[in-house]
Structure formats: structure tokens, C-alpha cells
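Chemist: This is the content of input.cif (mmCIF, C-alpha atoms):
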data_entry
loop_
_atom_site.label_atom_id
_atom_site.label_comp_id
_atom_site.auth_asym_id
_atom_site.auth_seq_id
_atom_site.Cartn_x
_atom_site.Cartn_y
_atom_site.Cartn_z
CA MET U 1 -27.21 93.64 -25.60
CA SER U 2 -29.48 91.30 -23.60
CA ARG U 3 -29.36 87.57 -24.22
CA ARG U 4 -32.94 87.62 -25.51
CA SER U 5 -32.29 90.38 -28.05
CA GLY U 6 -29.10 88.63 -29.13
CA ILE U 7 -31.04 85.45 -29.90
CA LEU U 8 -33.62 87.44 -31.87
CA GLU U 9 -30.96 89.20 -33.94
CA PHE U 10 -29.31 85.85 -34.67
CA ALA U 11 -32.61 84.35 -35.84
CA VAL U 12 -33.52 87.37 -38.00
CA LEU U 13 -30.15 87.30 -39.74
CA GLY U 14 -30.47 83.55 -40.30
CA LEU U 15 -33.92 83.78 -41.85
CA LEU U 16 -32.96 86.71 -44.06
CA ARG U 17 -29.92 84.79 -45.25
CA GLU U 18 -32.39 82.40 -46.88
CA SER U 19 -34.29 85.18 -48.67
CA PRO U 20 -35.35 88.85 -48.25
CA MET U 21 -38.66 89.33 -46.40
CA HIS U 22 -40.94 92.10 -45.25
CA GLY U 23 -41.57 92.51 -41.56
CA TYR U 24 -44.85 90.61 -41.32
CA GLU U 25 -43.52 87.64 -43.27
CA LEU U 26 -40.43 87.61 -41.08
CA ARG U 27 -42.54 87.71 -37.94
CA LYS U 28 -44.62 84.76 -39.17
CA ARG U 29 -41.49 82.72 -39.87
CA LEU U 30 -40.17 83.46 -36.39
CA ASN U 31 -43.53 82.52 -34.83
CA THR U 32 -44.05 79.31 -36.77
CA SER U 33 -40.55 78.00 -37.44
CA LEU U 34 -38.80 78.89 -34.19
CA GLY U 35 -40.83 77.94 -31.13
CA VAL U 36 -38.78 80.19 -28.85
CA PHE U 37 -40.37 83.20 -30.59
CA ARG U 38 -43.91 81.81 -30.67
CA ALA U 39 -45.45 84.57 -28.54
CA PHE U 40 -43.59 87.74 -29.47
CA SER U 41 -45.01 90.79 -31.25
CA TYR U 42 -43.92 93.03 -34.10
CA GLY U 43 -43.31 95.66 -31.44
CA THR U 44 -40.39 93.48 -30.34
CA LEU U 45 -39.19 92.77 -33.87
CA TYR U 46 -39.24 96.35 -35.18
CA PRO U 47 -36.49 97.76 -32.86
CA CYS U 48 -34.37 94.72 -33.66
CA LEU U 49 -34.68 95.35 -37.40
CA LYS U 50 -33.81 99.03 -36.94
CA THR U 51 -30.70 98.08 -34.96
CA LEU U 52 -29.58 95.63 -37.63
CA VAL U 53 -30.10 98.27 -40.33
CA ALA U 54 -28.13 100.83 -38.30
CA ASN U 55 -25.29 98.32 -37.93
CA GLY U 56 -25.16 97.88 -41.69
CA TRP U 57 -26.21 94.22 -41.56
CA LEU U 58 -29.58 94.79 -43.26
CA ILE U 59 -30.90 97.24 -45.83
CA GLU U 60 -34.49 98.38 -46.28
CA GLU U 61 -36.04 98.25 -49.74
CA PRO U 62 -39.53 99.14 -51.00
CA GLY U 63 -41.96 96.30 -51.67
CA SER U 64 -41.35 94.39 -54.88
CA SER U 65 -44.63 95.37 -56.55
CA PRO U 66 -45.11 99.01 -57.71
CA GLU U 67 -48.86 98.43 -57.56
CA GLU U 68 -48.57 97.59 -53.86
CA ALA U 69 -46.58 100.74 -53.19
CA LEU U 70 -49.26 102.87 -54.89
CA ALA U 71 -52.20 101.04 -53.34
CA ALA U 72 -50.96 101.23 -49.74
CA PRO U 73 -51.48 105.00 -49.23
CA LEU U 74 -54.93 104.79 -50.82
CA ALA U 75 -55.87 102.08 -48.35
CA GLY U 76 -54.46 104.04 -45.43
CA ARG U 77 -51.57 101.62 -44.93
CA ARG U 78 -47.82 102.02 -45.06
CA ALA U 79 -46.04 100.50 -48.04
CA LYS U 80 -44.32 97.25 -47.18
CA ILE U 81 -40.60 97.41 -46.49
CA VAL U 82 -38.47 94.45 -47.53
CA TYR U 83 -35.40 93.65 -45.44
CA ARG U 84 -32.36 92.25 -47.23
CA LEU U 85 -29.15 90.87 -45.73
CA THR U 86 -26.01 92.79 -46.71
CA ALA U 87 -22.60 91.23 -47.35
CA GLU U 88 -21.54 92.51 -43.92
CA GLY U 89 -24.66 90.98 -42.39
CA LYS U 90 -23.93 87.61 -43.96
CA GLU U 91 -20.35 87.73 -42.67
CA HIS U 92 -21.60 88.65 -39.18
CA PHE U 93 -24.12 85.79 -39.19
CA GLU U 94 -21.43 83.32 -40.21
CA GLU U 95 -19.32 84.54 -37.31
CA LEU U 96 -22.25 83.94 -34.96
CA LEU U 97 -22.75 80.45 -36.42
CA SER U 98 -19.15 79.57 -35.61
CA GLN U 99 -19.48 80.47 -31.92
CA THR U 100 -19.69 77.54 -29.50
CA GLY U 101 -19.52 79.27 -26.12
CA PRO U 102 -21.78 78.53 -23.12
CA ASP U 103 -24.65 80.68 -24.44
CA ALA U 104 -25.09 78.20 -27.31
CA TYR U 105 -26.05 75.49 -24.79
CA GLU U 106 -28.76 77.43 -22.92
CA ASP U 107 -32.39 76.52 -23.51
CA GLU U 108 -33.56 79.40 -25.73
CA HIS U 109 -30.31 79.98 -27.57
CA PHE U 110 -29.85 76.28 -28.27
CA ALA U 111 -33.28 76.09 -29.90
CA ALA U 112 -32.39 78.96 -32.23
CA ARG U 113 -28.95 77.53 -32.98
CA PHE U 114 -30.43 74.12 -33.73
CA ALA U 115 -32.89 75.62 -36.20
CA PHE U 116 -29.94 76.82 -38.30
CA PHE U 117 -27.79 73.69 -38.04
CA GLY U 118 -28.38 73.16 -41.76
CA GLN U 119 -26.18 76.21 -42.33
CA THR U 120 -23.58 75.19 -39.73
CA SER U 121 -20.41 73.16 -40.25
CA ARG U 122 -20.29 69.71 -38.70
CA ASP U 123 -17.46 70.44 -36.27
CA VAL U 124 -19.44 73.38 -34.82
CA ARG U 125 -22.61 71.29 -34.65
CA MET U 126 -20.74 68.63 -32.71
CA ARG U 127 -19.35 71.12 -30.19
CA VAL U 128 -22.77 72.67 -29.61
CA LEU U 129 -24.50 69.29 -29.27
CA GLU U 130 -21.87 67.96 -26.87
CA GLY U 131 -21.96 71.18 -24.86
CA ARG U 132 -25.75 70.99 -24.62
CA ARG U 133 -25.59 67.36 -23.53
CA SER U 134 -23.00 68.15 -20.85
CA ARG U 135 -25.15 71.03 -19.57
CA LEU U 136 -28.23 68.79 -19.34
CA GLU U 137 -26.33 65.97 -17.66
CA GLU U 138 -25.23 68.45 -14.98
CA ARG U 139 -28.82 69.62 -14.60
CA LEU U 140 -30.06 66.05 -14.33
CA GLU U 141 -27.53 65.21 -11.63
CA LYS U 142 -28.66 68.20 -9.58
CA MET U 143 -32.33 67.28 -10.03
CA ARG U 144 -31.69 63.73 -8.84
CA ALA U 145 -29.74 64.93 -5.82
CA SER U 146 -32.49 67.39 -4.93
CA LEU U 147 -35.14 64.70 -5.23
CA VAL U 148 -33.24 62.39 -2.87
CA ARG U 149 -32.96 65.18 -0.29
CA THR U 150 -36.56 66.36 -0.43
CA ARG U 151 -38.72 63.41 -1.47
CA GLU U 152 -39.82 62.60 2.11
CA ARG U 153 -41.18 66.16 2.49
CA LEU U 154 -43.05 66.30 -0.84
CA ASP U 155 -46.66 65.39 -1.47
CA ASP U 156 -47.43 62.97 -4.29
CA TYR U 157 -48.29 65.65 -6.86
CA THR U 158 -45.17 67.71 -6.30
CA LEU U 159 -43.09 64.54 -6.41
CA GLU U 160 -44.72 63.55 -9.70
CA LEU U 161 -44.01 66.98 -11.13
CA GLN U 162 -40.33 66.65 -10.27
CA ARG U 163 -40.21 63.20 -11.84
CA HIS U 164 -41.83 64.58 -14.97
CA GLY U 165 -39.17 67.27 -15.18
CA MET U 166 -36.42 64.70 -14.82
CA GLU U 167 -37.95 62.49 -17.50
CA SER U 168 -38.08 65.45 -19.89
CA VAL U 169 -34.38 66.13 -19.39
CA GLU U 170 -33.55 62.42 -19.74
CA ARG U 171 -35.45 62.29 -23.05
CA GLU U 172 -33.51 65.25 -24.39
CA VAL U 173 -30.21 63.67 -23.36
CA ARG U 174 -31.15 60.48 -25.25
CA TRP U 175 -32.12 62.59 -28.27
CA LEU U 176 -28.81 64.43 -28.14
CA ASN U 177 -26.95 61.11 -27.91
CA GLU U 178 -28.66 59.97 -31.11
CA LEU U 179 -27.83 63.23 -32.90
CA ILE U 180 -24.20 63.09 -31.81
CA GLU U 181 -23.92 59.48 -32.95
CA SER U 182 -25.37 60.43 -36.35
CA GLU U 183 -22.98 63.38 -36.69
CA ARG U 184 -20.00 61.19 -35.83
CA ALA U 185 -21.09 58.63 -38.41
CA GLY U 186 -21.46 61.37 -41.03
CA ARG U 187 -25.09 60.54 -41.65
CA ASP U 188 -27.41 63.11 -43.25
CA LEU U 189 -30.48 63.19 -41.00
CA ARG U 190 -32.68 64.72 -43.69
CA GLY U 191 -32.20 61.81 -46.10
CA PRO U 192 -33.93 61.49 -49.48
CA GLY U 193 -37.47 62.76 -49.93
CA SER U 194 -38.70 59.22 -50.56
CA GLY U 195 -38.24 58.37 -46.91
CA GLY U 196 -35.45 55.88 -47.59
CA PRO U 197 -32.24 55.50 -45.61
CA ALA U 198 -30.33 58.66 -44.77
CA GLN U 199 -27.55 59.49 -47.20
CA GLN U 200 -23.89 59.63 -46.22
CA ASP U 201 -22.25 63.04 -45.97
CA THR U 202 -18.48 62.50 -45.93
CA THR U 203 -17.32 66.14 -46.03
CA SER U 204 -16.78 67.20 -42.44
CA GLY U 205 -16.93 70.93 -43.16
CA GLU U 206 -20.17 70.88 -45.16
CA SER U 207 -23.42 72.10 -43.80
CA GLY U 208 -26.22 69.57 -43.87
CA GLY U 209 -27.21 66.83 -41.49
CA LEU U 210 -29.95 68.61 -39.52
CA PRO U 211 -33.06 70.39 -40.78
CA ARG U 212 -32.94 73.99 -41.93
CA SER U 213 -35.20 76.36 -40.08
CA GLY U 214 -37.83 76.17 -42.82
CA ASP U 215 -38.00 72.37 -42.48
CA ILE U 216 -39.38 72.51 -38.94
CA SER U 217 -42.21 74.94 -39.50
CA ARG U 218 -45.81 74.41 -38.48
CA PRO U 219 -48.88 75.74 -40.32
CA ASP U 220 -48.94 79.53 -40.47
CA SER U 221 -51.05 81.44 -38.01
CA PRO U 222 -53.98 83.47 -39.41
CA ASP U 223 -52.93 86.65 -41.19
CA ASP U 224 -53.25 89.99 -39.48
CA THR U 225 -52.31 93.49 -40.63
CA ALA U 226 -49.31 93.30 -42.95
CA THR U 227 -46.22 95.36 -42.24
#
Show how you would write the structure in this file as C-alpha cells.

Modeler:
Amino acid sequence: MSRRSGILEFAVLGLLRESPMHGYELRKRLNTSLGVFRAFSYGTLYPCLKTLVANGWLIEEPGSSPEEALAAPLAGRRAKIVYRLTAEGKEHFEELLSQTGPDAYEDEHFAARFAFFGQTSRDVRMRVLEGRRSRLEERLEKMRASLVRTRERLDDYTLELQRHGMESVEREVRWLNELIESERAGRDLRGPGSGGPAQQDTTSGESGGLPRSGDISRPDSPDDTAT
């Protein structure tokens, strides 16, 4: 399995753990809630769903409305298929959530992992956050060393571009430091809906702390042909 397809399978299982969805709804959630999948098509999603069904992690069900199932053939469209997570699929997703290896720190995989931190235990969140910070600190050190070696040969615009890249990494490291500090203090980053101070979460194994994937969504993109 490629790294990219592995990330997609992880995200699909995570979204379907929240609730069953048909393919088009699932694609919209991936597009709008998880930026790493912002520009992918249903042609990419469909093989992934078939693989997950074949593995026994998802099941396909007809659309919830009998009227929809009858109307689809009359309109020349296929009836919607709803994908539901199986017990085996939930167990597999929980196994994936517990993994804290190097892949969890890489750019695309980290974004997907972070989106599901609300379903992840605090000790795993801490390991992933600290691993990501360590990876970025290594990257930042290399960028600084490269800039020292090459700055005399660079024109002003290329030099500014390199500085911009370094600043972006530095900002993420500061952000990670804040998240790690909050996790260590047991603070719930979501806090009450009134916008008051964040509430204390004293159970180290509980999920919570960071937003669920649905909490970071942007407005939906315009509808196209439903699947």
C-alpha cells in the first residue's frame, strides 16, 4: 500500500466512525474537513472504498430512503450506496490511531492524524506531537545550515523565499510547543461553547483536547452529481 492510499484509508475509516455516509457526502467531508484531500476526486475515493469493503472494514447498504432508491433509475442515476463501518473496521481504525511511528510525523499523515486527535488518547497525542516537533526542528536546522552556506550566491528573491520557508517551520514549531504544553497541563483546547476558559481534563487516557475532524471544516463546496 502506498503512503498516500494509507492516509486516505485512515481518513475514510475515521469519518465513517462518526456516522455512515454515502460516497459523495464522504468525498465532501474529505475535501472540506481535511485539507490534505482538498483536490482529490471520487475516482480516487472509489477504489479505496472497494478495498475497505473487501477487507471487511466497511459494508455497503442501500440509501436510507426507499423513494430515493426508486427515483434514481427513473432519473438515469445509480441509487446511492451508504458505507458503514463494521466492528472489524472500528477495531482496525483504533489500531491505526494508536500507532506513533515516523509516518505519523510526516506532513500529509500528520495533518490527517491531527484531524482525529479528538478520538485519540492523550499519551498517543503527546508522542505524535513530540515526534512532529522533533522532525521539524531537524528540518529547521538543515534549512539554517543551507542558508548559511548558500546565501552569498542567492539573489534577493530566492533568499526571501528561503526565509519565508524557515519562518513557516518556526511558526509550526511554536504552535506545537503550545499544544504540547496544553496536553501536559491536561487542558481541553475545545473549552466551553461560551468561549470561556478551557476546561480541565484530568483523565490521561480520555480522548478530547483537540478538535474532532468535523470541528475544523470549512463551508462545503458546491454540490455536483451525487454518488

Chemist: May I have the protein, DNA and RNA residues with an atom at most 7 Å from (-37.5, 90.2, -49.2), counting all atoms listed in the file in the file's coordinates, returned as a ChimeraX atom specification?

Modeler: /U:19-22,82-84

Chemist: Taking only C-alpha atoms into account, which of U:Arg113, U:Lys142, U:His92, U:Lys50 comes nearest Leu129 in chain U?

Modeler: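 For Leu129 in chain U, the nearest of the candidates is U:Arg113.
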
Chemist: So how far away is CA of Ala111 in chain U from CA of Gln162 in chain U, in Å?

Modeler: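 Result for CA of Gln162 in chain U versus CA of Ala111 in chain U: 22.9 Å, one decimal.
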
Chemist: Which residues are near Trp175 in chain U? Cut-off 12 Å, all atoms listed in the file, ignore same chain within fewer than 5 positions. Put them as a list of chain:residue names.

Modeler: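 Listed by chain and then number, they are U:Leu129, U:Glu130, U:Arg132, U:Arg133, U:Leu136, U:Ser168, U:Val169, U:Glu170, U:Ile180, U:Glu181, U:Ser182.
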
Chemist: Taking the file as shown, what set of residues would the PyMOL selection byres ((chain U and resi 58) around 7) give back, as a ChimeraX atom specification?

Modeler: /U:52-53,56-57,59-60,83-86,89

Chemist: Calculated over only C-alpha atoms, which of the candidates U:Leu45, U:Leu15, U:Met143, U:Ile7 has the smallest distance to Gln119 in chain U?

Modeler: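 Checking each of U:Leu45, U:Leu15, U:Met143, U:Ile7 against Gln119 in chain U, counting only C-alpha atoms, the winner is U:Leu15.
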
Chemist: Have a look at CA of Thr100 in chain U and CA of Val128 in chain U and let me know their distance in Å, one decimal.

Modeler: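 Computed distance, CA of Thr100 in chain U to CA of Val128 in chain U, equals 5.8 Å.
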
Chemist: For a test of reading the model, state the distance in Å between CA of Arg144 in chain U and CA of His164 in chain U, rounded to one decimal.

Modeler: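 Answer for the CA of Arg144 in chain U to CA of His164 in chain U separation: 11.9 Å.
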
Chemist: I need the residue set behind the PyMOL selection byres ((chain U and resi 27) around 9) for this file; please write it as number ranges by chain.

Modeler: U: 22-26, 28-32, 37, 40-42, 45

Chemist: May I ask which of the residues U:Ser121, U:Ser134, U:Thr44, U:Ser98 is the closest one to Gly186 in chain U, counting only C-alpha atoms?

Modeler: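 Of the candidates, the smallest distance to Gly186 in chain U is held by U:Ser121.
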
Chemist: Kindly indicate which residue among U:Arg153, U:Lys80, U:Arg17, U:Arg127 lies nearest to Leu176 in chain U, using only C-alpha atoms for the distances.

Modeler: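 Looking only at the distances to Leu176 in chain U, the closest residue turns out to be U:Arg127.
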
Chemist: Once 8 Å is added on each side, what centre and edge lengths in Å to one decimal does the axis-aligned box around all listed atoms of range 102-115 of chain U have, as JSON?

Modeler:
{"center_x": -27.7, "center_y": 77.4, "center_z": -29.6, "size_x": 27.8, "size_y": 22.6, "size_z": 29.3}

Chemist: Once the PyMOL selection byres ((chain U and resi 105) around 8) has been applied to the shown file, what residues remain in the selection, as a ChimeraX atom specification?

Modeler: /U:101-104,106-107,109-110,128-129,131-132,135
